[in-house]
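Novice: Starting off with a structure, shown below.
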Amino acid sequence: MLDINHLLVVLDAEHPEQIALDKALWLAGVLKADVSLLTSVYEPYCGDSSSLEETTKQQIRRARIDSTERWIESFVPEVQERGITVRTEVHWQKHLHEAVIESMRATDYDLVIKGTHPHSLIDRLFTHTDWNLMRHCPAPVLLVKSPAAWQHNRILAAIDATSVDDGHQLISDNILSFAEHLADHFDTDLHMVNAFPQVAIAFAMVPEVTAPDDIQAYITEQHQDACEQLAKKYNIHEDHVHIAEGETDTVVAETATAVAADVLVVGSVGRSGIAGVLIGNTAEQLVDKVPCDVIVIKPQDGVLPEAE
């Protein structure tokens with residue numbers, strides 16, 4: 001069985017409410033996991049290009065770290081009151097995602113938890129922390145929308161059932177493996193959603209090409225057959241398999257709402273650079289579209305050996 005024993009909770013001093021901590025305390029209680037609280041602090045005046053004397057820079061740095069340590073330590077009593085083992089980490093890093101990656105070089109965490117808020121295009125252009133965690137964090141990332149415990153007993157896994165690309169096939173298996181074991185931990189219903197393209201629209205963009213009469217029926221059957229096989233492999237009841245025609249982000253968001261999902265498990269291929277900003281990953285689009293928490297799985301987040 002997949003073990004989720006070590007939780008890394010990312011706290012952001014810029015937000016007054018730490019919804020990630022509330023969700024992590026509930027998860028840790030159910031999973032019997034320990035918790036590490038992490039944040040970062042940085043002062044540009046202490047950088048290598050600063051004209052300040054080295055002694056002054058060190059004094060400023062120490063004062064900023066001490067202040068941040070007092071802030072993060074203020075959350076410790078709340079964790080300990082629940083009988084949960086807790087430790088804290090303060091990293092001297094300009095960006096929170098860099099602190100997470102630095103932490104994970106020393107410690108293996110099973111799940112990284114962070115609160116999330118609606119994002120703007122500016123966030124995407126200037127590499128928001130959430131996007132960097134989704135693309136580069138060496139562990140699954142849970143982006144929390146609400147501090148409340150999951151209430152509806154429903155986990156929704158979003159997959160691409162018919163992709164022949166090795167990377168997407170690996171992600172789909174990782175998504176379903178993680179979702180299945182998470183459902184086992186919490187004794188919840190596991191749902192699966194798969195979107196397939198609107199072929200009529202694609203052919204409408206190239207009017208010189210005529211679509212075969214049965215092409216849509218063929219594609220629909222392909223996705224139904226592939227989803228049926230995956231559902232059997234991961235013990236998903238047939239009436240919990242949702243297949244629909246349309247854009248992936250729209251279909252998944254509508255399904256999450258329809259089934260009242262507590263959490264969506266979705267994959268990210270980690271597209272980076274300007275293509276990642278302009279095109280985006282489906283996972284990133286879904287974070288703002290779905291009403292529930294989102295767990296992002298990447299190709300390296302494999303749980304298959306434990307699933308077999």
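Identifiers in this document derive from the order of the structure tokens: chains are assigned A, B, ..., residues are numbered from 1 separately in each chain, and ligands are numbered from 1 in order of occurrence.
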Find the residues around Val30 in chain A up to 12 Å (only C-alpha atoms counted), leave out those fewer than 2 positions away in its own chain, and share them as a PyMOL selection string.
Specialist: chain A and resi 4-5+23-28+32-34+82-84+149-150+182+184-187
Novice: Hey, what's within 6 Å of range 157-160 of chain A if we count only C-alpha atoms and toss same-chain stuff fewer than 5 positions away? As a list in words, please?
Specialist: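 The contact residues come out as Ser172, Met192, Val193, Asn194, Leu264, Val265 and Val266 of chain A.
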Novice: Produce a table with one row for each residue of range 78-134 of chain A that has an atom at most 10 Å from any atom of range 292-298 of chain A, each row naming the nearest atom pair and its distance in Å at one decimal; use only C-alpha atoms; arrange rows by chain and rising residue number; format as JSON lines.
Specialist:
```
{"residue": "A:Leu111", "atom": "CA", "partner": "A:Ile295", "partner_atom": "CA", "distance": 9.2}
{"residue": "A:Val112", "atom": "CA", "partner": "A:Ile295", "partner_atom": "CA", "distance": 9.4}
{"residue": "A:Ile113", "atom": "CA", "partner": "A:Ile295", "partner_atom": "CA", "distance": 9.0}
{"residue": "A:Gly115", "atom": "CA", "partner": "A:Asp293", "partner_atom": "CA", "distance": 9.2}
{"residue": "A:Thr116", "atom": "CA", "partner": "A:Asp293", "partner_atom": "CA", "distance": 8.9}
{"residue": "A:Leu133", "atom": "CA", "partner": "A:Val296", "partner_atom": "CA", "distance": 9.1}
{"residue": "A:Met134", "atom": "CA", "partner": "A:Val296", "partner_atom": "CA", "distance": 6.2}
```
Novice: Which residues come within 12 Å of Arg62 in chain A, counting only C-alpha atoms, excluding same-chain residues fewer than 6 positions away, as a ChimeraX atom specification?
Specialist: /A:41-43,46,55-56,68-69,90-92
Novice: Restricting the calculation to only C-alpha atoms: of A:Glu54, A:Met104, A:His152, A:Gly29, which residue gets closest to Glu81 in chain A?
Specialist: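 Closest to Glu81 in chain A, using only C-alpha atoms: A:Gly29.
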Novice: Leaving out range 245-254 of chain A and any residue of its chain fewer than 3 positions from it, which residues lie within 10 Å of it when counting only C-alpha atoms, given as a PyMOL selection string?
Specialist: chain A and resi 156-160+192-199+201+216+219-220+242+257-261+264+266+281-292
Novice: Quick check for you: according to DSSP on this backbone, which residues of range 80-258 of chain A are classed as alpha helix (DSSP H)? Reply as number ranges by chain.
Specialist: A: 80, 96-106, 121-125, 129-136, 166-186, 199-204, 215-233, 248-258
